[in-house]
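Undergrad: Quick one, final.cif (mmCIF, C-alpha atoms):
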data_final
#
loop_
_atom_site.group_PDB
_atom_site.id
_atom_site.type_symbol
_atom_site.label_atom_id
_atom_site.label_comp_id
_atom_site.auth_asym_id
_atom_site.auth_seq_id
_atom_site.Cartn_x
_atom_site.Cartn_y
_atom_site.Cartn_z
ATOM 1 C CA MET A 1 241.355 16.971 -55.881
ATOM 2 C CA HIS A 2 242.701 15.179 -52.801
ATOM 3 C CA VAL A 3 241.538 11.739 -51.708
ATOM 4 C CA GLU A 4 239.814 13.150 -48.620
ATOM 5 C CA GLU A 5 237.832 15.612 -50.745
ATOM 6 C CA ARG A 6 236.707 12.889 -53.125
ATOM 7 C CA ASP A 7 235.700 10.625 -50.247
ATOM 8 C CA SER A 8 233.661 13.426 -48.719
ATOM 9 C CA LEU A 9 231.877 14.123 -52.013
ATOM 10 C CA ILE A 10 231.180 10.435 -52.633
ATOM 11 C CA LEU A 11 229.678 9.942 -49.178
ATOM 12 C CA ASP A 12 227.656 13.139 -49.504
ATOM 13 C CA LEU A 13 226.180 11.980 -52.831
ATOM 14 C CA ILE A 14 225.360 8.518 -51.484
ATOM 15 C CA GLY A 15 223.904 9.982 -48.295
ATOM 16 C CA LYS A 16 221.191 11.886 -50.165
ATOM 17 C CA THR A 17 219.292 8.711 -51.163
ATOM 18 C CA GLY A 18 221.414 5.833 -49.876
ATOM 19 C CA PHE A 19 222.655 5.075 -53.401
ATOM 20 C CA VAL A 20 224.656 6.777 -56.137
ATOM 21 C CA SER A 21 225.245 5.568 -59.665
ATOM 22 C CA PHE A 22 228.744 5.469 -61.128
ATOM 23 C CA LYS A 23 227.598 7.802 -63.913
ATOM 24 C CA ARG A 24 226.481 10.328 -61.294
ATOM 25 C CA LEU A 25 229.897 10.149 -59.623
ATOM 26 C CA GLU A 26 231.679 10.706 -62.939
ATOM 27 C CA ALA A 27 229.518 13.778 -63.623
ATOM 28 C CA ALA A 28 229.948 15.258 -60.145
ATOM 29 C CA ILE A 29 233.606 14.576 -59.351
ATOM 30 C CA SER A 30 236.629 15.672 -61.343
ATOM 31 C CA ALA A 31 238.510 12.366 -61.469
ATOM 32 C CA SER A 32 239.090 9.538 -63.917
ATOM 33 C CA PRO A 33 236.828 6.466 -63.870
ATOM 34 C CA ALA A 34 239.797 4.370 -62.696
ATOM 35 C CA THR A 35 240.405 6.740 -59.778
ATOM 36 C CA LEU A 36 236.744 6.671 -58.779
ATOM 37 C CA ARG A 37 236.708 2.865 -58.847
ATOM 38 C CA ARG A 38 239.754 2.801 -56.559
ATOM 39 C CA ASP A 39 238.002 5.274 -54.235
ATOM 40 C CA LEU A 40 234.931 3.045 -54.065
ATOM 41 C CA ASP A 41 237.072 -0.036 -53.472
ATOM 42 C CA ARG A 42 238.893 1.752 -50.636
ATOM 43 C CA LEU A 43 235.656 2.938 -48.985
ATOM 44 C CA GLU A 44 234.181 -0.535 -49.330
ATOM 45 C CA GLY A 45 237.317 -1.960 -47.718
ATOM 46 C CA LYS A 46 236.730 0.338 -44.745
ATOM 47 C CA GLY A 47 233.196 -1.008 -44.420
ATOM 48 C CA VAL A 48 231.602 2.383 -45.154
ATOM 49 C CA ILE A 49 229.898 1.535 -48.456
ATOM 50 C CA GLN A 50 228.956 -1.490 -50.515
ATOM 51 C CA ARG A 51 229.614 -1.747 -54.246
ATOM 52 C CA VAL A 52 226.506 -2.753 -56.208
ATOM 53 C CA ARG A 53 225.756 -3.031 -59.889
ATOM 54 C CA GLY A 54 225.996 0.411 -61.431
ATOM 55 C CA GLY A 55 227.167 2.260 -58.336
ATOM 56 C CA ALA A 56 227.417 2.083 -54.556
ATOM 57 C CA ARG A 57 225.227 2.300 -51.469
ATOM 58 C CA LEU A 58 225.757 2.813 -47.769
ATOM 59 C CA VAL A 59 226.261 -0.308 -45.709
ATOM 60 C CA GLY A 60 223.011 -1.419 -44.072
ATOM 61 C CA ASP A 61 220.652 -0.217 -46.809
ATOM 62 C CA GLU A 62 219.616 -3.707 -47.869
ATOM 63 C CA ALA A 63 218.333 -4.473 -44.388
ATOM 64 C CA GLY A 64 216.511 -1.212 -44.011
ATOM 65 C CA GLU A 65 218.773 -0.137 -41.116
ATOM 66 C CA ARG A 66 218.919 3.504 -42.204
ATOM 67 C CA THR A 67 215.482 4.958 -41.571
ATOM 68 C CA ASP A 68 216.183 8.082 -43.624
ATOM 69 C CA VAL A 69 216.489 5.939 -46.773
ATOM 70 C CA GLN A 70 212.892 4.768 -46.334
ATOM 71 C CA SER A 71 211.561 7.932 -47.920
ATOM 72 C CA LEU A 72 211.900 9.231 -51.451
ATOM 73 C CA ALA A 73 212.421 12.638 -52.952
ATOM 74 C CA GLY A 74 209.228 14.148 -54.316
ATOM 75 C CA VAL A 75 205.683 14.822 -53.127
ATOM 76 C CA PRO A 76 204.308 12.294 -50.577
ATOM 77 C CA PHE A 77 201.371 10.235 -51.835
ATOM 78 C CA HIS A 78 198.830 11.653 -49.368
ATOM 79 C CA GLU A 79 199.603 15.171 -50.603
ATOM 80 C CA ASN A 80 199.414 14.205 -54.255
ATOM 81 C CA ILE A 81 196.282 12.031 -54.326
ATOM 82 C CA ASP A 82 193.783 14.924 -54.510
ATOM 83 C CA ARG A 83 195.749 17.144 -56.901
ATOM 84 C CA ASN A 84 193.907 17.332 -60.237
ATOM 85 C CA ARG A 85 191.681 14.502 -58.979
ATOM 86 C CA ALA A 86 189.043 14.758 -61.729
ATOM 87 C CA GLN A 87 191.682 14.592 -64.459
ATOM 88 C CA LYS A 88 193.374 11.605 -62.822
ATOM 89 C CA GLU A 89 190.089 9.734 -62.531
ATOM 90 C CA ALA A 90 189.377 10.278 -66.240
ATOM 91 C CA ILE A 91 192.901 9.166 -67.154
ATOM 92 C CA GLY A 92 192.557 6.016 -65.041
ATOM 93 C CA ARG A 93 189.248 5.145 -66.702
ATOM 94 C CA ALA A 94 190.717 5.610 -70.187
ATOM 95 C CA ALA A 95 193.779 3.514 -69.304
ATOM 96 C CA ALA A 96 191.691 0.652 -67.919
ATOM 97 C CA ALA A 97 189.748 0.557 -71.187
ATOM 98 C CA LEU A 98 193.013 -0.411 -72.927
ATOM 99 C CA CYS A 99 193.268 -3.674 -70.961
ATOM 100 C CA LYS A 100 192.142 -6.989 -72.435
ATOM 101 C CA PRO A 101 190.376 -9.673 -70.352
ATOM 102 C CA GLY A 102 192.694 -12.272 -68.871
ATOM 103 C CA GLU A 103 195.993 -10.583 -69.735
ATOM 104 C CA SER A 104 198.936 -9.794 -67.463
ATOM 105 C CA ILE A 105 199.740 -6.152 -66.747
ATOM 106 C CA ILE A 106 202.105 -4.141 -64.566
ATOM 107 C CA ILE A 107 200.777 -1.129 -62.667
ATOM 108 C CA ASP A 108 203.370 1.272 -61.314
ATOM 109 C CA GLY A 109 202.648 3.037 -58.029
ATOM 110 C CA GLY A 110 201.180 6.528 -58.261
ATOM 111 C CA SER A 111 198.100 8.628 -57.641
ATOM 112 C CA THR A 112 197.086 8.498 -61.327
ATOM 113 C CA THR A 113 197.701 4.799 -61.972
ATOM 114 C CA LEU A 114 195.681 4.043 -58.820
ATOM 115 C CA GLN A 115 192.585 5.400 -60.557
ATOM 116 C CA MET A 116 192.667 2.469 -63.001
ATOM 117 C CA CYS A 117 191.873 -0.093 -60.355
ATOM 118 C CA ARG A 118 188.132 0.356 -59.890
ATOM 119 C CA HIS A 119 187.629 -0.151 -63.631
ATOM 120 C CA LEU A 120 189.508 -3.478 -63.799
ATOM 121 C CA ALA A 121 186.890 -5.556 -61.984
ATOM 122 C CA GLY A 122 185.637 -8.464 -64.062
ATOM 123 C CA LEU A 123 188.611 -8.531 -66.450
ATOM 124 C CA ASN A 124 190.341 -11.375 -64.543
ATOM 125 C CA LEU A 125 193.750 -9.788 -64.902
ATOM 126 C CA GLN A 126 197.113 -10.857 -63.490
ATOM 127 C CA VAL A 127 198.535 -7.648 -61.988
ATOM 128 C CA LEU A 128 202.101 -7.069 -60.855
ATOM 129 C CA THR A 129 202.418 -3.858 -58.847
ATOM 130 C CA ASN A 130 204.871 -2.207 -56.472
ATOM 131 C CA SER A 131 202.078 -0.152 -54.881
ATOM 132 C CA LEU A 132 200.355 -1.163 -51.659
ATOM 133 C CA HIS A 133 197.594 1.314 -52.530
ATOM 134 C CA VAL A 134 196.977 -0.578 -55.774
ATOM 135 C CA VAL A 135 197.022 -3.889 -53.891
ATOM 136 C CA SER A 136 194.375 -2.593 -51.467
ATOM 137 C CA ALA A 137 192.202 -1.315 -54.322
ATOM 138 C CA LEU A 138 192.373 -4.646 -56.196
ATOM 139 C CA LEU A 139 191.868 -7.011 -53.236
ATOM 140 C CA PRO A 140 188.034 -6.792 -53.347
ATOM 141 C CA GLN A 141 188.091 -8.063 -56.952
ATOM 142 C CA PRO A 142 187.950 -11.890 -56.671
ATOM 143 C CA GLY A 143 189.010 -12.489 -60.279
ATOM 144 C CA THR A 144 192.087 -10.244 -60.148
ATOM 145 C CA ARG A 145 195.338 -12.011 -59.273
ATOM 146 C CA ILE A 146 197.958 -9.802 -57.606
ATOM 147 C CA ALA A 147 201.747 -10.106 -57.342
ATOM 148 C CA VAL A 148 204.258 -7.762 -55.676
ATOM 149 C CA PRO A 149 208.052 -7.449 -55.925
ATOM 150 C CA GLY A 150 210.552 -7.891 -53.122
ATOM 151 C CA GLY A 151 212.240 -4.932 -51.450
ATOM 152 C CA SER A 152 211.669 -2.313 -48.791
ATOM 153 C CA VAL A 153 208.458 -0.409 -48.082
ATOM 154 C CA PHE A 154 208.693 3.352 -48.557
ATOM 155 C CA ARG A 155 205.936 4.613 -46.302
ATOM 156 C CA GLU A 156 205.287 8.091 -47.703
ATOM 157 C CA GLN A 157 204.574 6.656 -51.172
ATOM 158 C CA ASN A 158 203.382 3.255 -49.847
ATOM 159 C CA ILE A 159 205.390 1.396 -52.472
ATOM 160 C CA ILE A 160 207.866 -1.478 -52.450
ATOM 161 C CA LEU A 161 211.262 -0.815 -54.009
ATOM 162 C CA GLY A 162 214.701 -2.349 -54.050
ATOM 163 C CA ILE A 163 217.279 0.020 -52.551
ATOM 164 C CA GLY A 164 220.388 0.674 -54.573
ATOM 165 C CA GLY A 165 218.849 -0.427 -57.853
ATOM 166 C CA GLU A 166 219.153 -4.148 -57.143
ATOM 167 C CA GLU A 167 216.993 -6.602 -59.034
ATOM 168 C CA CYS A 168 213.852 -7.211 -56.942
ATOM 169 C CA MET A 169 211.163 -7.556 -59.609
ATOM 170 C CA PRO A 170 209.863 -11.074 -60.242
ATOM 171 C CA ARG A 171 211.085 -12.566 -63.506
ATOM 172 C CA VAL A 172 207.825 -12.060 -65.337
ATOM 173 C CA HIS A 173 206.894 -10.731 -68.725
ATOM 174 C CA ALA A 174 203.740 -8.638 -69.159
ATOM 175 C CA PRO A 175 202.126 -7.396 -72.361
ATOM 176 C CA ARG A 176 201.306 -4.008 -70.813
ATOM 177 C CA LEU A 177 202.843 -1.581 -68.316
ATOM 178 C CA PHE A 178 200.977 1.425 -66.946
ATOM 179 C CA MET A 179 203.325 3.853 -65.243
ATOM 180 C CA GLY A 180 203.295 7.347 -63.766
ATOM 181 C CA ALA A 181 205.897 10.098 -63.605
ATOM 182 C CA ALA A 182 206.850 13.216 -61.697
ATOM 183 C CA PHE A 183 207.625 15.142 -64.891
ATOM 184 C CA VAL A 184 207.596 14.709 -68.655
ATOM 185 C CA GLY A 185 209.618 16.690 -71.186
ATOM 186 C CA ALA A 186 211.688 16.442 -74.328
ATOM 187 C CA GLN A 187 214.361 14.688 -72.229
ATOM 188 C CA GLY A 188 211.900 11.901 -71.473
ATOM 189 C CA VAL A 189 209.996 10.524 -68.501
ATOM 190 C CA MET A 190 211.403 11.652 -65.157
ATOM 191 C CA GLN A 191 211.079 10.888 -61.464
ATOM 192 C CA ALA A 192 212.230 12.998 -58.541
ATOM 193 C CA ASP A 193 214.195 10.109 -57.007
ATOM 194 C CA VAL A 194 216.891 7.937 -58.581
ATOM 195 C CA VAL A 195 215.743 4.844 -56.657
ATOM 196 C CA LEU A 196 212.241 5.114 -58.108
ATOM 197 C CA ALA A 197 213.647 5.785 -61.575
ATOM 198 C CA ALA A 198 215.734 2.594 -61.390
ATOM 199 C CA ALA A 199 212.720 0.536 -60.287
ATOM 200 C CA GLU A 200 210.596 1.847 -63.138
ATOM 201 C CA ARG A 201 213.363 1.005 -65.589
ATOM 202 C CA GLN A 202 213.103 -2.614 -64.451
ATOM 203 C CA MET A 203 209.364 -2.542 -65.158
ATOM 204 C CA ILE A 204 209.884 -1.169 -68.665
ATOM 205 C CA ASP A 205 212.311 -3.985 -69.437
ATOM 206 C CA ARG A 206 209.564 -6.523 -68.670
ATOM 207 C CA ALA A 207 206.804 -5.080 -70.828
ATOM 208 C CA GLU A 208 205.981 -5.248 -74.519
ATOM 209 C CA TRP A 209 203.852 -2.080 -74.491
ATOM 210 C CA VAL A 210 204.258 0.912 -72.180
ATOM 211 C CA ALA A 211 201.694 3.595 -71.371
ATOM 212 C CA LEU A 212 202.437 6.700 -69.326
ATOM 213 C CA LEU A 213 199.546 8.055 -67.255
ATOM 214 C CA VAL A 214 200.046 11.733 -66.342
ATOM 215 C CA ASP A 215 197.831 14.763 -65.984
ATOM 216 C CA SER A 216 198.789 17.817 -68.034
ATOM 217 C CA SER A 217 200.461 19.591 -65.079
ATOM 218 C CA LYS A 218 203.338 17.074 -65.265
ATOM 219 C CA PHE A 219 204.584 18.738 -68.465
ATOM 220 C CA ALA A 220 205.489 21.966 -66.616
ATOM 221 C CA ALA A 221 209.145 22.693 -65.722
ATOM 222 C CA PRO A 222 210.403 19.120 -66.086
ATOM 223 C CA SER A 223 213.533 18.007 -64.214
ATOM 224 C CA GLY A 224 214.696 14.919 -62.368
ATOM 225 C CA SER A 225 216.154 11.461 -62.923
ATOM 226 C CA VAL A 226 215.364 10.210 -66.415
ATOM 227 C CA VAL A 227 213.546 6.874 -66.497
ATOM 228 C CA CYS A 228 213.273 6.517 -70.270
ATOM 229 C CA GLY A 229 213.071 8.505 -73.477
ATOM 230 C CA LEU A 230 209.737 9.464 -74.979
ATOM 231 C CA ASP A 231 210.430 7.145 -77.906
ATOM 232 C CA GLU A 232 210.399 4.168 -75.513
ATOM 233 C CA LEU A 233 206.713 4.772 -74.784
ATOM 234 C CA ASP A 234 203.832 3.453 -76.832
ATOM 235 C CA ALA A 235 201.124 5.748 -75.473
ATOM 236 C CA ILE A 236 200.620 8.711 -73.155
ATOM 237 C CA VAL A 237 197.216 9.107 -71.513
ATOM 238 C CA THR A 238 196.554 12.639 -70.273
ATOM 239 C CA ASP A 239 193.805 15.242 -70.020
ATOM 240 C CA ALA A 240 192.480 17.834 -72.453
ATOM 241 C CA ASP A 241 194.455 20.679 -70.872
ATOM 242 C CA ILE A 242 197.708 19.522 -72.455
ATOM 243 C CA SER A 243 199.204 22.315 -74.546
ATOM 244 C CA ASP A 244 199.517 22.111 -78.316
ATOM 245 C CA LEU A 245 203.302 22.332 -77.911
ATOM 246 C CA HIS A 246 203.460 19.262 -75.691
ATOM 247 C CA ALA A 247 200.944 17.381 -77.820
ATOM 248 C CA ARG A 248 203.178 17.926 -80.867
ATOM 249 C CA MET A 249 206.227 16.843 -78.851
ATOM 250 C CA ILE A 250 204.506 13.533 -78.078
ATOM 251 C CA GLN A 251 203.335 12.958 -81.621
ATOM 252 C CA ASP A 252 206.746 13.868 -83.063
ATOM 253 C CA ALA A 253 208.245 11.166 -80.842
ATOM 254 C CA GLY A 254 205.956 8.614 -82.508
ATOM 255 C CA VAL A 255 203.902 8.068 -79.328
ATOM 256 C CA GLU A 256 200.141 7.664 -79.366
ATOM 257 C CA LEU A 257 198.430 10.511 -77.504
ATOM 258 C CA ILE A 258 195.201 9.531 -75.723
ATOM 259 C CA ILE A 259 193.084 12.353 -74.293
ATOM 260 C CA ALA A 260 190.864 11.223 -71.435
#
Translate this file's structure into C-alpha cells.

TA:
Amino acid sequence: MHVEERDSLILDLIGKTGFVSFKRLEAAISASPATLRRDLDRLEGKGVIQRVRGGARLVGDEAGERTDVQSLAGVPFHENIDRNRAQKEAIGRAAAALCKPGESIIIDGGSTTLQMCRHLAGLNLQVLTNSLHVVSALLPQPGTRIAVPGGSVFREQNIILGIGGEECMPRVHAPRLFMGAAFVGAQGVMQADVVLAAAERQMIDRAEWVALLVDSSKFAAPSGSVVCGLDELDAIVTDADISDLHARMIQDAGVELIIA
C-alpha cells in the first residue's frame, strides 16, 4: 500500500469521530506498527493530526474547534429517554437501593442511570458524574455533593467527555460505579462510540465495585466498541424480560444478576 493510500485511510478513520486508536489503525491498515508510527509522525509534522496517548486525533479537537466532533455515534438522549421507560425506572430504583449513606459514587451518563437520581435524596452522597442530566436531577438535593470532570460538552447526549481519550476525570476513588451501555454480549459491555468507551474505561479504573444498569433490550444484537469484559463487572441490574440464555451468560461470568 502506498503512502498516499495509508494517509487517506488514516485521515478517514480519524475523521469519523475525531480520534482513532493505534490498535484500530493496525486492524484496518495493512502495514507494520513501525510504518504506521512513521505515518503518524509525518502527518503530525504537517500539522494535520496530533499524536495522543494510544492513538491520534485531528488538530483542533482539544479546543472544540470541529463542531462535528461534538456529537457521538448512537441514539441521541432525547430519543432514548422514553424507550422502555418503566423498566428503566425500576432499574434505577433497584440500583439506588445498593447505595450506602455518605459514600462516594460515580454515575455514568445515560437514560437508565438517570433514573437513580430521585431515589438518592437523603443519602448525603458524593457523586461524580459526566452527565449534565444527572447534575440537574441531583441539584435539588441539598445533602448531595456533585462533581464533574473536565472536557467538552456533547450536546445530543448532554455529557462531558475528553476528546481523544485524554485523562479528564478528577483523580478520585469511589467505592461504587453505576454505568450504562449501548449493548451487552459475551464480548462484554459495549458503546456505539469509541470516545464514550474510553471515558467509561477511566471510570471503571477509579471504582472498587461496578454495576451495569441496562434494560433487557440491550442484550439484542450486540456490537460496538468494547468498554470492558463481563468479568470486570460486579453486578448487572436489568428487568425481568431478560432471556434465560443471557441470564446464564451473566451468571457464568461470575456477575451478580439483579432483577428490578

Undergrad: Quick one, how far is atom CA of A:Ser104 from atom CA of A:Ala137?

TA: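 Separation between atom CA of A:Ser104 and atom CA of A:Ala137: 17.0 Å.
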
Undergrad: I'd like the residues picked by the PyMOL selection byres ((chain A and resi 92) around 9) written out as JSON, numbers by chain, using the chain letters and numbers from the file.

TA: {"A": [87, 88, 89, 90, 91, 93, 94, 95, 96, 97, 112, 113, 114, 115, 116, 117, 118, 119, 213, 237, 260]}

Undergrad: What lies within 12 Å of A:Pro140 using all atoms listed in the file, ignoring chain neighbours under 2 positions off, as number ranges by chain?

TA: A: 117-118, 120-122, 134-138, 142-146

Undergrad: Can you tell me which residues surround A:Leu25 at a distance of at most 8 Å, considering only C-alpha atoms, apart from same-chain residues fewer than 5 positions away, and format the answer as a PyMOL selection string?

TA: chain A and resi 10+13+20+36

Undergrad: Enter the distance from atom CA of A:Ala147 to atom CA of A:Val195, in Å, rounded to one decimal.

TA: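 Value for the atom CA of A:Ala147-atom CA of A:Val195 distance: 20.5 Å.
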
Undergrad: Within 6 Å of A:Arg206, counting only C-alpha atoms, which residues show up once you throw out same-chain ones fewer than 2 positions away? Write them as a list of chain:residue names, please.

TA: A:His173, A:Met203, A:Ile204

Undergrad: Hey, what comes out of the PyMOL selection byres ((chain A and resi 160) around 6) on this file? Could you write it as JSON, numbers by chain?

TA: {"A": [130, 151, 152, 153, 159, 161]}

Undergrad: Take the residues from that selection and write them out as a compact mmCIF listing (two decimals), in the frame of the given file, keeping C-alpha atoms.

TA:
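Once everything was written out, this is result_23.txt:
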# COMPACT_ATOMS: atom_id res chain seq x y z
CA ASN A 130 204.87 -2.21 -56.47
CA GLY A 151 212.24 -4.93 -51.45
CA SER A 152 211.67 -2.31 -48.79
CA VAL A 153 208.46 -0.41 -48.08
CA ILE A 159 205.39 1.40 -52.47
CA LEU A 161 211.26 -0.82 -54.01
